[in-house]
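Reviewing the structure listed below.
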Amino acid sequence: MPVEFIGMIGTKNESEIRLTAGPVIDPDYVRRFARAHEDAGFDRVLIGYSSARPDGTQVAAYAAAHTERLSFLVAHRPGFVAPTLAARTFATLDQFTGGRIAVHIITGGSDAEQRRDGDYLSKDERYARTDEYLDIVKLAWTSDRPFSYSGAHYQVEDAYSEVRSPQQPRINLYFGGSSEAAYRVGGKHADTFALWGEPLAETKEQIDSVNAAAKAAGRTDTPGISVSFRPILGPTEELAWERAHQILATTKENAEAFRARRRRETAGVGGASPANVGSQRLLAAAEKGELHDRALWTPLAAATGAAGNSTALVGTPETVAQALLDYVDIGVTTILIRGYDPYNDAIDYGRYLLPLVREEVAKRDAEQAAVGQV
């Protein structure tokens, strides 16, 4: 089964280790960055969400207009628009992009940031709302007749949408989170469940929890699994590690400036005690040791307060490819990668990393198919 590769694009040219000036939205950069991912062979790119960022649907529409094949994973927080409107919005975008849209559901891990958009529900209440929200969104995408819904958070009467996705049966849903509530709701709804890059043993535990939640929700299938990393490549192991330590040194020099920006943008994420379980898990992995398994390196997670996917895979393209295949072996179907030098790293991943992983996965699939024919 082919592995899906997802990159991540921003709306301005900025390093992940140095603060840079410039406009919040740089159309020329978005265009070039999207094309770089398309040329590199990525399947799709994630467009992130926070209470301070530009609207992801409009970024996706602009980037899609300047690409042909690349698909877009638009992060979305339930609760700020009606689910029926969200369903029509994404289905409309999917029509104009020729079926290149997926939606990444982020329920929200920071109470303070949620309040910036006027949301005062507790975390458990937010997940209960997300559950209802996705019930309605999926009905709006698939129901061939008007439907009604009555829940604690949403009630709709005779709802119906004429706007349908060109994808069948509907737009794919990705779902992020690492808490028990996330497993429960994501296990029920997600086509692909997204995790951050933890050591193999901890990742397998999370996969098992997601699959158990899917079974408890009555599903006969299991969600795909996405894991995200920040690969740091070099032509030799020595040069890769030299680059990794240079990135860490620069990150530490700018740590306070980054944390100040994170506090402005995400209200506490990246501080000493992040509220979301995913960040807590990355920091716990960092406390256990700097290097895990084949190439997973955690000091950058510790240096940034684990704000976002911040664990690295360090080594030559061959080493990092094998490390990614270790995750494929335990059930990962999607790999989300971005670099600390985002534009140039995306190009390098396409040249040196993606082909190695895809070649090995194709080889394994062919061998398995041959065994099945014997």
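Ordering of the structure tokens sets the chain letters (A, B, ...), residue numbers begin anew at 1 in every chain, and ligands are numbered from 1 in the order given.
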Each stretch 275-306 of chain A residue no farther than 10 Å from stretch 171-189 of chain A, nearest pair in Å, only C-alpha atoms, as a tab-separated table:
residue	atom	partner	partner_atom	distance
A:Asn276	CA	A:Ser178	CA	8.1
A:Val277	CA	A:Ser178	CA	5.7
A:Gly278	CA	A:Ser178	CA	5.2
A:Ser279	CA	A:Ser178	CA	9.0
A:Gln280	CA	A:Ser178	CA	9.5
A:Arg281	CA	A:Ser178	CA	8.4
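When the distance limit is 7 Å and only C-alpha atoms are what count, the residues near A:Tyr160, minus those fewer than 4 positions from it on the same chain, are Ala140, Arg145, Pro146 and Phe147 of chain A.
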Selected residues written out, N, CA, C and O atoms, as an mmCIF file, in the first residue's frame:
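Dumped to again07.cif:
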data_model
loop_
_atom_site.group_PDB
_atom_site.id
_atom_site.type_symbol
_atom_site.label_atom_id
_atom_site.label_comp_id
_atom_site.auth_asym_id
_atom_site.auth_seq_id
_atom_site.Cartn_x
_atom_site.Cartn_y
_atom_site.Cartn_z
ATOM 1 N N ALA A 140 -24.198 16.163 5.895
ATOM 2 C CA ALA A 140 -24.359 17.197 4.856
ATOM 3 C C ALA A 140 -23.619 16.823 3.581
ATOM 4 O O ALA A 140 -24.055 17.161 2.476
ATOM 5 N N ARG A 145 -31.159 13.269 1.063
ATOM 6 C CA ARG A 145 -32.446 13.890 1.401
ATOM 7 C C ARG A 145 -32.251 14.792 2.621
ATOM 8 O O ARG A 145 -31.254 14.659 3.340
ATOM 9 N N PRO A 146 -33.142 15.738 2.876
ATOM 10 C CA PRO A 146 -33.018 16.600 4.054
ATOM 11 C C PRO A 146 -32.954 15.767 5.333
ATOM 12 O O PRO A 146 -33.615 14.726 5.452
ATOM 13 N N PHE A 147 -32.149 16.236 6.287
ATOM 14 C CA PHE A 147 -31.994 15.520 7.554
ATOM 15 C C PHE A 147 -32.110 16.501 8.713
ATOM 16 O O PHE A 147 -31.890 17.714 8.567
#
- Item | stretch 1-146 of chain A: residues DSSP assigns to helix (DSSP H, G or I), reported as a PyMOL selection string | chain A and resi 27-40+56-65+83-96+111-116+123-142
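The space between atom CA of A:Thr311 and atom CA of A:Gly7 spans 15.2 Å.
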Please, which residues in stretch 109-169 of chain A fall within 6 Å of stretch 85-100 of chain A when counting only C-alpha atoms, and what is the closest atom pair and distance in Å to one decimal for each, ordered by chain then residue number, as a tab-separated table?
residue	atom	partner	partner_atom	distance
A:Val137	CA	A:Ala87	CA	5.3
A:Arg164	CA	A:Ala91	CA	5.5
A:Ser165	CA	A:Ala91	CA	4.9
A:Pro166	CA	A:Gly99	CA	5.4
A:Gln167	CA	A:Gly99	CA	5.7
- All strand (DSSP E or B) residues (DSSP, backbone) inside stretch 87-164 of chain A, as a list in words: Ile101, Ala102, Val103, His104, Ile105, Phe147, Ser148, Tyr149, Ser150, Gln155, Val156, Glu157, Asp158 and Ala159 of chain A
Residue selection dump (all heavy atoms) as a tab-separated table (two decimals), in the first residue's frame:
chain	number	residue	atom	x	y	z
A	101	ILE	N	-9.06	18.44	-1.90
A	101	ILE	CA	-9.17	18.95	-0.54
A	101	ILE	C	-9.42	17.82	0.46
A	101	ILE	O	-10.18	16.90	0.20
A	101	ILE	CB	-10.31	19.99	-0.44
A	101	ILE	CG1	-10.04	21.17	-1.36
A	101	ILE	CG2	-10.50	20.44	1.01
A	101	ILE	CD1	-8.75	21.93	-1.06
A	102	ALA	N	-8.75	17.89	1.60
A	102	ALA	CA	-9.06	17.09	2.78
A	102	ALA	C	-9.11	18.06	3.95
A	102	ALA	O	-8.58	19.17	3.89
A	102	ALA	CB	-8.02	16.00	3.00
A	103	VAL	N	-9.75	17.64	5.04
A	103	VAL	CA	-9.92	18.52	6.20
A	103	VAL	C	-9.27	17.88	7.41
A	103	VAL	O	-9.50	16.70	7.70
A	103	VAL	CB	-11.42	18.79	6.47
A	103	VAL	CG1	-11.58	19.71	7.69
A	103	VAL	CG2	-12.09	19.40	5.25
A	104	HIS	N	-8.46	18.67	8.11
A	104	HIS	CA	-7.77	18.21	9.32
A	104	HIS	C	-8.46	18.83	10.54
A	104	HIS	O	-8.39	20.05	10.74
A	104	HIS	CB	-6.30	18.63	9.26
A	104	HIS	CG	-5.47	18.12	10.39
A	104	HIS	ND1	-5.57	16.84	10.89
A	104	HIS	CD2	-4.49	18.71	11.14
A	104	HIS	CE1	-4.71	16.67	11.87
A	104	HIS	NE2	-4.05	17.80	12.04
A	105	ILE	N	-9.11	18.01	11.33
A	105	ILE	CA	-9.89	18.50	12.46
A	105	ILE	C	-8.99	18.66	13.69
A	105	ILE	O	-8.37	17.70	14.16
A	105	ILE	CB	-11.06	17.55	12.78
A	105	ILE	CG1	-12.02	17.48	11.58
A	105	ILE	CG2	-11.80	18.00	14.03
A	105	ILE	CD1	-12.68	18.79	11.23
A	147	PHE	N	-32.15	16.24	6.29
A	147	PHE	CA	-31.99	15.52	7.55
A	147	PHE	C	-32.11	16.50	8.71
A	147	PHE	O	-31.89	17.71	8.57
A	147	PHE	CB	-30.65	14.79	7.61
A	147	PHE	CG	-29.45	15.71	7.64
A	147	PHE	CD1	-28.92	16.18	8.84
A	147	PHE	CD2	-28.85	16.14	6.46
A	147	PHE	CE1	-27.82	17.04	8.87
A	147	PHE	CE2	-27.75	16.99	6.47
A	147	PHE	CZ	-27.24	17.44	7.67
A	148	SER	N	-32.45	15.97	9.86
A	148	SER	CA	-32.49	16.76	11.10
A	148	SER	C	-31.55	16.13	12.11
A	148	SER	O	-31.24	14.94	12.03
A	148	SER	CB	-33.92	16.83	11.66
A	148	SER	OG	-34.78	17.48	10.75
A	149	TYR	N	-31.09	16.94	13.04
A	149	TYR	CA	-30.15	16.47	14.05
A	149	TYR	C	-30.40	17.24	15.34
A	149	TYR	O	-30.53	18.47	15.31
A	149	TYR	CB	-28.71	16.69	13.57
A	149	TYR	CG	-27.64	16.11	14.47
A	149	TYR	CD1	-27.08	14.87	14.20
A	149	TYR	CD2	-27.16	16.81	15.58
A	149	TYR	CE1	-26.09	14.32	15.00
A	149	TYR	CE2	-26.17	16.28	16.40
A	149	TYR	CZ	-25.64	15.03	16.10
A	149	TYR	OH	-24.66	14.50	16.90
A	150	SER	N	-30.44	16.52	16.45
A	150	SER	CA	-30.66	17.16	17.75
A	150	SER	C	-29.62	16.65	18.73
A	150	SER	O	-29.63	15.48	19.12
A	150	SER	CB	-32.07	16.87	18.27
A	150	SER	OG	-32.27	17.50	19.52
A	155	GLN	N	-28.39	21.70	16.80
A	155	GLN	CA	-29.69	21.24	16.33
A	155	GLN	C	-29.92	21.83	14.95
A	155	GLN	O	-29.78	23.03	14.76
A	155	GLN	CB	-30.83	21.69	17.27
A	155	GLN	CG	-30.73	21.18	18.70
A	155	GLN	CD	-29.82	22.04	19.56
A	155	GLN	OE1	-29.82	23.26	19.44
A	155	GLN	NE2	-29.02	21.39	20.41
A	156	VAL	N	-30.22	20.96	13.98
A	156	VAL	CA	-30.57	21.44	12.65
A	156	VAL	C	-31.86	20.75	12.22
A	156	VAL	O	-32.16	19.64	12.66
A	156	VAL	CB	-29.45	21.18	11.61
A	156	VAL	CG1	-28.17	21.90	12.00
A	156	VAL	CG2	-29.18	19.69	11.46
A	157	GLU	N	-32.59	21.40	11.35
A	157	GLU	CA	-33.89	20.88	10.93
A	157	GLU	C	-33.98	20.94	9.41
A	157	GLU	O	-33.77	21.99	8.80
A	157	GLU	CB	-35.00	21.72	11.56
A	157	GLU	CG	-36.35	21.02	11.62
A	157	GLU	CD	-37.35	21.82	12.45
A	157	GLU	OE1	-36.97	22.28	13.55
A	157	GLU	OE2	-38.49	21.98	11.97
A	158	ASP	N	-34.26	19.80	8.79
A	158	ASP	CA	-34.40	19.71	7.33
A	158	ASP	C	-33.20	20.29	6.60
A	158	ASP	O	-33.33	21.02	5.61
A	158	ASP	CB	-35.68	20.39	6.87
A	158	ASP	CG	-36.93	19.67	7.34
A	158	ASP	OD1	-36.86	18.43	7.53
A	158	ASP	OD2	-37.96	20.32	7.53
A	159	ALA	N	-32.01	19.96	7.09
A	159	ALA	CA	-30.78	20.46	6.45
A	159	ALA	C	-30.49	19.65	5.20
A	159	ALA	O	-30.69	18.44	5.15
A	159	ALA	CB	-29.61	20.35	7.42
